[in-house]
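Asker: Dropping in entry29.txt, with compact mmCIF, C-alpha atoms.
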```txt
# COMPACT_ATOMS: atom_id res chain seq x y z
CA MET A 258 -0.72 -0.24 -25.10
CA PHE A 259 -3.48 -0.54 -22.51
CA LYS A 260 -2.76 -2.78 -19.55
CA THR A 261 -5.36 -4.55 -17.47
CA PRO A 262 -5.29 -3.76 -13.75
CA ARG A 263 -3.67 -7.14 -13.16
CA GLU A 264 -0.94 -6.53 -15.75
CA PHE A 265 -0.34 -3.05 -14.35
CA SER A 266 -0.17 -4.46 -10.81
CA LYS A 267 2.44 -7.00 -11.89
CA SER A 268 4.52 -4.30 -13.57
CA LEU A 269 4.39 -2.20 -10.40
CA ARG A 270 5.66 -5.16 -8.36
CA LYS A 271 8.59 -5.50 -10.75
CA ASN A 272 9.39 -1.77 -10.60
CA GLN A 273 9.01 -0.87 -6.93
CA THR A 274 10.52 2.26 -5.47
CA ALA A 275 13.36 1.92 -2.96
CA ALA A 276 10.92 2.78 -0.17
CA GLU A 277 8.45 0.10 -1.30
CA VAL A 278 11.22 -2.49 -1.45
CA LYS A 279 12.37 -1.59 2.05
CA LEU A 280 8.88 -1.68 3.53
CA TRP A 281 8.04 -4.94 1.77
CA GLN A 282 11.07 -6.55 3.44
CA GLU A 283 9.49 -5.64 6.79
CA LEU A 284 5.97 -6.79 5.92
CA ARG A 285 6.42 -9.94 3.83
CA GLY A 286 6.29 -13.42 5.26
CA ARG A 287 4.10 -12.33 8.20
CA ARG A 288 7.02 -10.42 9.71
CA CYS A 289 4.79 -7.71 11.13
CA GLY A 290 2.93 -9.24 14.04
CA GLY A 291 2.13 -12.40 12.12
CA TYR A 292 -0.20 -10.56 9.73
CA LYS A 293 -0.24 -11.40 6.02
CA PHE A 294 0.35 -8.53 3.64
CA ARG A 295 0.04 -8.30 -0.10
CA ARG A 296 1.61 -5.72 -2.37
CA GLN A 297 0.20 -3.90 -5.38
CA TYR A 298 -3.27 -5.21 -4.57
CA ILE A 299 -6.27 -4.36 -6.75
CA ILE A 300 -9.39 -2.85 -5.17
CA ASP A 301 -11.93 -2.20 -7.92
CA ASN A 302 -10.09 0.10 -10.39
CA TYR A 303 -7.35 1.10 -7.95
CA ILE A 304 -4.07 -0.50 -6.98
CA VAL A 305 -2.87 -0.02 -3.42
CA ASP A 306 0.76 -0.35 -2.38
CA PHE A 307 0.25 -2.78 0.52
CA ILE A 308 -2.76 -4.34 2.20
CA CYS A 309 -3.58 -6.58 5.11
CA VAL A 310 -6.88 -7.99 3.90
CA SER A 311 -7.82 -9.61 7.21
CA LYS A 312 -7.58 -6.26 9.03
CA LYS A 313 -8.82 -4.19 6.05
CA LEU A 314 -5.74 -1.98 6.36
CA VAL A 315 -4.20 -0.30 3.33
CA ILE A 316 -0.70 1.19 3.48
CA GLU A 317 0.31 3.78 0.91
CA VAL A 318 3.87 4.97 0.34
CA ASP A 319 3.79 8.37 -1.31
CA GLY A 320 6.62 9.81 -3.33
CA PRO A 321 7.06 12.43 -6.02
CA THR A 322 4.59 10.73 -8.37
CA HIS A 323 1.77 11.88 -6.07
CA GLU A 324 2.62 15.58 -6.40
CA GLY A 325 -0.04 17.43 -8.33
CA ARG A 326 -2.45 14.49 -8.06
CA GLU A 327 -4.07 15.43 -4.78
CA GLY A 328 -7.59 15.44 -6.24
CA TYR A 329 -7.16 11.98 -7.76
CA ASP A 330 -5.65 10.66 -4.53
CA GLN A 331 -8.54 12.11 -2.49
CA ASN A 332 -11.15 10.46 -4.72
CA ARG A 333 -9.22 7.19 -4.60
CA THR A 334 -8.96 7.35 -0.80
CA GLU A 335 -12.70 8.01 -0.45
CA HIS A 336 -13.54 5.12 -2.78
CA ILE A 337 -11.34 2.68 -0.87
CA ARG A 338 -12.69 3.87 2.50
CA GLU A 339 -16.25 3.38 1.23
CA ARG A 340 -15.28 -0.27 0.75
CA GLY A 341 -14.50 -0.51 4.48
CA TYR A 342 -10.72 -0.13 4.41
CA ARG A 343 -8.61 2.05 6.65
CA ILE A 344 -5.72 3.80 4.93
CA ILE A 345 -2.46 5.00 6.39
CA ARG A 346 0.11 6.93 4.40
CA PHE A 347 3.82 7.35 4.75
CA SER A 348 6.24 9.32 2.62
CA ASN A 349 9.17 7.67 0.89
CA ALA A 350 11.48 9.59 3.24
CA GLU A 351 9.70 8.25 6.33
CA VAL A 352 9.99 4.67 5.11
CA LEU A 353 13.65 5.04 4.15
CA ASP A 354 14.81 7.10 7.13
CA GLU A 355 12.49 5.99 9.95
CA THR A 356 11.69 2.40 9.03
CA ASN A 357 11.29 1.16 12.61
CA SER A 358 8.85 3.95 13.45
CA VAL A 359 6.84 3.24 10.30
CA VAL A 360 6.62 -0.48 11.10
CA GLU A 361 5.62 0.33 14.70
CA GLY A 362 2.89 2.63 13.37
CA ILE A 363 1.60 -0.12 11.08
CA PHE A 364 1.66 -2.63 13.94
CA ASP A 365 -0.29 -0.21 16.13
CA GLU A 366 -2.93 0.21 13.38
CA LEU A 367 -3.23 -3.55 13.01
CA ASN A 368 -4.04 -3.88 16.68
CA ILE A 369 -6.79 -1.26 16.89
```
Show me this structure written as structure tokens.
Answerer:
Amino acid sequence: MFKTPREFSKSLRKNQTAAEVKLWQELRGRRCGGYKFRRQYIIDNYIVDFICVSKKLVIEVDGPTHEGREGYDQNRTEHIRERGYRIIRFSNAEVLDETNSVVEGIFDELNI
């Protein structure tokens, strides 16, 4: 059955990876420098993992599902950048094993 982007976004929120859950705990409720983040946010036909709309910053957490999809990911990245967003990427392992460094990196990007 075909899902609308909104339905798909909601299903992604309900089925987050361990890395996404961990990072969301650090970003939600304005915990990162007072900035508001959203998760599984729709930009045109794409859904991004996390976004700070006010700073036009997208955060992607990449795991095994991205392997073999480099071309798709590149097109997606270009499309989102054309809309004026900056994108930073972290691997699942970085988020799970180096959470503080990841959050510091996000905070630094927010303050550019």
Asker: Could you give me, as JSON, numbers by chain, the residues that have an atom at most 6 Å away from the point (4.2, -6.6, 14.7) in the coordinates of the file, using only C-alpha atoms?
Answerer: {"A": [289, 290, 364]}
Asker: Of the candidates A:Tyr303, A:Ser311, A:Lys293, A:Lys267, which shows the shortest atom-to-atom distance to Arg333 (chain A), using all atoms listed in the file?
Answerer: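 Checking each of A:Tyr303, A:Ser311, A:Lys293, A:Lys267 against Arg333 (chain A), counting all atoms listed in the file, the winner is A:Tyr303.
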Asker: Just to confirm, what's the straight-line distance from CA of Val278 (chain A) to CA of Asp306 (chain A) in Å (one decimal)?
Answerer: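 Distance reported for this atom pair: 10.7 Å.
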Asker: Out of A:Arg346, A:Arg295, A:His336, A:Arg263, which residue has the shortest atom-to-atom distance to Asp319 (chain A) when counting all atoms listed in the file?
Answerer: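 Of the candidates, the smallest distance to Asp319 (chain A) is held by A:Arg346.
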Asker: Rank nothing, just name the residue among A:Ile300, A:Val305, A:Ala275, A:Leu280 nearest to Ile363 (chain A), using all atoms listed in the file.
Answerer: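 Nearest to Ile363 (chain A): A:Leu280.
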Asker: With distances taken over all atoms listed in the file, which of A:Ile344, A:Ile299, A:Val359, A:Thr261 is nearest to Asp330 (chain A)?
Answerer: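 Smallest separation from Asp330 (chain A) among the options: A:Ile344.
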Asker: To one decimal in Å, tell me the separation between CA of Lys312 (chain A) and CA of Tyr298 (chain A).
Answerer: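 For CA of Lys312 (chain A) relative to CA of Tyr298 (chain A), the distance reads 14.3 Å.
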Asker: What lies within 10 Å of region 354-356 of chain A using all atoms listed in the file, ignoring chain neighbours under 4 positions off, as a ChimeraX atom specification?
Answerer: /A:276,279-280,283,348-350,360-362
Asker: Compare A:Leu269, A:Arg338, A:Lys313, A:Arg343 by their minimum atom-to-atom distance to Arg296 (chain A), counting only C-alpha atoms, and give me the closest one.
Answerer: A:Leu269
Asker: In Å, with one decimal, what is the gap from CA of Tyr292 (chain A) to CA of Gly320 (chain A)?
Answerer: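 Computing the Euclidean distance for CA of Tyr292 (chain A) and CA of Gly320 (chain A) yields 25.1 Å.
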Asker: Closest to Ile369 (chain A) among A:Leu314, A:Glu339, A:Glu351, A:Arg287, using only C-alpha atoms?
Answerer: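 Among the listed residues, A:Leu314 lies closest to Ile369 (chain A).
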Asker: Output file request: region 270-284 of chain A, with all heavy atoms, as a PDB file, in the first residue's frame.
Answerer:
```pdb
ATOM      1  N   ARG A 270       8.917   7.799  12.605  1.00  0.00           N
ATOM      2  CA  ARG A 270       9.024   8.246  13.994  1.00  0.00           C
ATOM      3  C   ARG A 270       8.732   7.107  14.966  1.00  0.00           C
ATOM      4  O   ARG A 270       9.309   7.028  16.031  1.00  0.00           O
ATOM      5  CB  ARG A 270       8.083   9.419  14.265  1.00  0.00           C
ATOM      6  CG  ARG A 270       8.639  10.743  13.806  1.00  0.00           C
ATOM      7  CD  ARG A 270       7.863  11.928  14.357  1.00  0.00           C
ATOM      8  NE  ARG A 270       6.475  11.989  13.949  1.00  0.00           N
ATOM      9  CZ  ARG A 270       6.048  12.519  12.806  1.00  0.00           C
ATOM     10  NH1 ARG A 270       6.907  13.048  11.958  1.00  0.00           N
ATOM     11  NH2 ARG A 270       4.764  12.542  12.521  1.00  0.00           N
ATOM     12  N   LYS A 271       7.815   6.242  14.578  1.00  0.00           N
ATOM     13  CA  LYS A 271       7.452   5.111  15.446  1.00  0.00           C
ATOM     14  C   LYS A 271       8.487   3.992  15.403  1.00  0.00           C
ATOM     15  O   LYS A 271       8.520   3.145  16.298  1.00  0.00           O
ATOM     16  CB  LYS A 271       6.091   4.546  15.040  1.00  0.00           C
ATOM     17  CG  LYS A 271       4.947   5.473  15.344  1.00  0.00           C
ATOM     18  CD  LYS A 271       3.633   4.872  14.898  1.00  0.00           C
ATOM     19  CE  LYS A 271       2.499   5.833  15.137  1.00  0.00           C
ATOM     20  NZ  LYS A 271       1.217   5.297  14.664  1.00  0.00           N
ATOM     21  N   ASN A 272       9.308   3.962  14.365  1.00  0.00           N
ATOM     22  CA  ASN A 272      10.275   2.877  14.174  1.00  0.00           C
ATOM     23  C   ASN A 272      11.695   3.406  14.028  1.00  0.00           C
ATOM     24  O   ASN A 272      12.418   3.008  13.125  1.00  0.00           O
ATOM     25  CB  ASN A 272       9.895   2.066  12.932  1.00  0.00           C
ATOM     26  CG  ASN A 272       8.546   1.414  13.072  1.00  0.00           C
ATOM     27  OD1 ASN A 272       8.345   0.591  13.946  1.00  0.00           O
ATOM     28  ND2 ASN A 272       7.603   1.810  12.236  1.00  0.00           N
ATOM     29  N   GLN A 273      12.102   4.281  14.935  1.00  0.00           N
ATOM     30  CA  GLN A 273      13.436   4.875  14.864  1.00  0.00           C
ATOM     31  C   GLN A 273      14.518   3.845  15.176  1.00  0.00           C
ATOM     32  O   GLN A 273      14.291   2.901  15.925  1.00  0.00           O
ATOM     33  CB  GLN A 273      13.555   6.011  15.875  1.00  0.00           C
ATOM     34  CG  GLN A 273      12.681   7.190  15.582  1.00  0.00           C
ATOM     35  CD  GLN A 273      12.910   8.273  16.609  1.00  0.00           C
ATOM     36  OE1 GLN A 273      13.638   9.203  16.340  1.00  0.00           O
ATOM     37  NE2 GLN A 273      12.296   8.138  17.760  1.00  0.00           N
ATOM     38  N   THR A 274      15.693   4.082  14.619  1.00  0.00           N
ATOM     39  CA  THR A 274      16.841   3.256  14.959  1.00  0.00           C
ATOM     40  C   THR A 274      17.319   3.634  16.363  1.00  0.00           C
ATOM     41  O   THR A 274      16.958   4.700  16.891  1.00  0.00           O
ATOM     42  CB  THR A 274      17.998   3.478  13.967  1.00  0.00           C
ATOM     43  OG1 THR A 274      18.468   4.828  14.116  1.00  0.00           O
ATOM     44  CG2 THR A 274      17.567   3.220  12.521  1.00  0.00           C
ATOM     45  N   ALA A 275      18.149   2.795  16.945  1.00  0.00           N
ATOM     46  CA  ALA A 275      18.698   3.088  18.278  1.00  0.00           C
ATOM     47  C   ALA A 275      19.471   4.404  18.263  1.00  0.00           C
ATOM     48  O   ALA A 275      19.391   5.202  19.208  1.00  0.00           O
ATOM     49  CB  ALA A 275      19.587   1.942  18.742  1.00  0.00           C
ATOM     50  N   ALA A 276      20.194   4.664  17.190  1.00  0.00           N
ATOM     51  CA  ALA A 276      20.965   5.905  17.081  1.00  0.00           C
ATOM     52  C   ALA A 276      20.035   7.112  17.006  1.00  0.00           C
ATOM     53  O   ALA A 276      20.294   8.145  17.630  1.00  0.00           O
ATOM     54  CB  ALA A 276      21.883   5.856  15.858  1.00  0.00           C
ATOM     55  N   GLU A 277      18.950   7.003  16.256  1.00  0.00           N
ATOM     56  CA  GLU A 277      18.002   8.110  16.157  1.00  0.00           C
ATOM     57  C   GLU A 277      17.338   8.381  17.503  1.00  0.00           C
ATOM     58  O   GLU A 277      17.172   9.539  17.892  1.00  0.00           O
ATOM     59  CB  GLU A 277      16.938   7.816  15.093  1.00  0.00           C
ATOM     60  CG  GLU A 277      17.476   7.862  13.682  1.00  0.00           C
ATOM     61  CD  GLU A 277      16.488   7.357  12.661  1.00  0.00           C
ATOM     62  OE1 GLU A 277      15.574   6.572  12.999  1.00  0.00           O
ATOM     63  OE2 GLU A 277      16.631   7.751  11.486  1.00  0.00           O
ATOM     64  N   VAL A 278      16.991   7.330  18.217  1.00  0.00           N
ATOM     65  CA  VAL A 278      16.393   7.496  19.544  1.00  0.00           C
ATOM     66  C   VAL A 278      17.362   8.220  20.469  1.00  0.00           C
ATOM     67  O   VAL A 278      16.986   9.168  21.168  1.00  0.00           O
ATOM     68  CB  VAL A 278      15.988   6.127  20.145  1.00  0.00           C
ATOM     69  CG1 VAL A 278      15.622   6.257  21.623  1.00  0.00           C
ATOM     70  CG2 VAL A 278      14.834   5.515  19.367  1.00  0.00           C
ATOM     71  N   LYS A 279      18.614   7.790  20.447  1.00  0.00           N
ATOM     72  CA  LYS A 279      19.613   8.406  21.327  1.00  0.00           C
ATOM     73  C   LYS A 279      19.833   9.873  20.982  1.00  0.00           C
ATOM     74  O   LYS A 279      19.885  10.733  21.873  1.00  0.00           O
ATOM     75  CB  LYS A 279      20.934   7.636  21.250  1.00  0.00           C
ATOM     76  CG  LYS A 279      21.929   8.063  22.295  1.00  0.00           C
ATOM     77  CD  LYS A 279      23.050   7.060  22.438  1.00  0.00           C
ATOM     78  CE  LYS A 279      23.895   7.426  23.645  1.00  0.00           C
ATOM     79  NZ  LYS A 279      24.883   6.404  23.927  1.00  0.00           N
ATOM     80  N   LEU A 280      19.951  10.183  19.704  1.00  0.00           N
ATOM     81  CA  LEU A 280      20.178  11.569  19.314  1.00  0.00           C
ATOM     82  C   LEU A 280      18.944  12.422  19.610  1.00  0.00           C
ATOM     83  O   LEU A 280      19.070  13.560  20.067  1.00  0.00           O
ATOM     84  CB  LEU A 280      20.564  11.665  17.838  1.00  0.00           C
ATOM     85  CG  LEU A 280      20.972  13.053  17.364  1.00  0.00           C
ATOM     86  CD1 LEU A 280      22.105  13.637  18.213  1.00  0.00           C
ATOM     87  CD2 LEU A 280      21.389  13.006  15.901  1.00  0.00           C
ATOM     88  N   TRP A 281      17.761  11.882  19.397  1.00  0.00           N
ATOM     89  CA  TRP A 281      16.546  12.638  19.679  1.00  0.00           C
ATOM     90  C   TRP A 281      16.480  13.022  21.166  1.00  0.00           C
ATOM     91  O   TRP A 281      16.031  14.119  21.507  1.00  0.00           O
ATOM     92  CB  TRP A 281      15.312  11.858  19.254  1.00  0.00           C
ATOM     93  CG  TRP A 281      14.027  12.588  19.496  1.00  0.00           C
ATOM     94  CD1 TRP A 281      12.977  12.165  20.253  1.00  0.00           C
ATOM     95  CD2 TRP A 281      13.632  13.870  18.990  1.00  0.00           C
ATOM     96  NE1 TRP A 281      11.970  13.098  20.253  1.00  0.00           N
ATOM     97  CE2 TRP A 281      12.351  14.165  19.479  1.00  0.00           C
ATOM     98  CE3 TRP A 281      14.255  14.810  18.166  1.00  0.00           C
ATOM     99  CZ2 TRP A 281      11.673  15.346  19.180  1.00  0.00           C
ATOM    100  CZ3 TRP A 281      13.585  15.994  17.875  1.00  0.00           C
ATOM    101  CH2 TRP A 281      12.312  16.247  18.371  1.00  0.00           C
ATOM    102  N   GLN A 282      16.936  12.150  22.036  1.00  0.00           N
ATOM    103  CA  GLN A 282      16.944  12.470  23.470  1.00  0.00           C
ATOM    104  C   GLN A 282      17.825  13.676  23.763  1.00  0.00           C
ATOM    105  O   GLN A 282      17.572  14.422  24.702  1.00  0.00           O
ATOM    106  CB  GLN A 282      17.383  11.266  24.289  1.00  0.00           C
ATOM    107  CG  GLN A 282      16.401  10.120  24.284  1.00  0.00           C
ATOM    108  CD  GLN A 282      15.002  10.554  24.693  1.00  0.00           C
ATOM    109  OE1 GLN A 282      14.822  11.221  25.712  1.00  0.00           O
ATOM    110  NE2 GLN A 282      14.009  10.209  23.892  1.00  0.00           N
ATOM    111  N   GLU A 283      18.841  13.888  22.939  1.00  0.00           N
ATOM    112  CA  GLU A 283      19.748  15.029  23.118  1.00  0.00           C
ATOM    113  C   GLU A 283      19.221  16.312  22.478  1.00  0.00           C
ATOM    114  O   GLU A 283      19.585  17.410  22.898  1.00  0.00           O
ATOM    115  CB  GLU A 283      21.126  14.705  22.518  1.00  0.00           C
ATOM    116  CG  GLU A 283      21.817  13.523  23.164  1.00  0.00           C
ATOM    117  CD  GLU A 283      22.196  13.776  24.607  1.00  0.00           C
ATOM    118  OE1 GLU A 283      22.508  14.921  24.964  1.00  0.00           O
ATOM    119  OE2 GLU A 283      22.169  12.814  25.393  1.00  0.00           O
ATOM    120  N   LEU A 284      18.366  16.175  21.470  1.00  0.00           N
ATOM    121  CA  LEU A 284      17.908  17.338  20.706  1.00  0.00           C
ATOM    122  C   LEU A 284      16.526  17.839  21.115  1.00  0.00           C
ATOM    123  O   LEU A 284      16.244  19.030  21.000  1.00  0.00           O
ATOM    124  CB  LEU A 284      17.883  17.016  19.209  1.00  0.00           C
ATOM    125  CG  LEU A 284      19.210  16.635  18.561  1.00  0.00           C
ATOM    126  CD1 LEU A 284      18.982  16.270  17.103  1.00  0.00           C
ATOM    127  CD2 LEU A 284      20.231  17.738  18.708  1.00  0.00           C
TER     128      LEU A 284
END
```
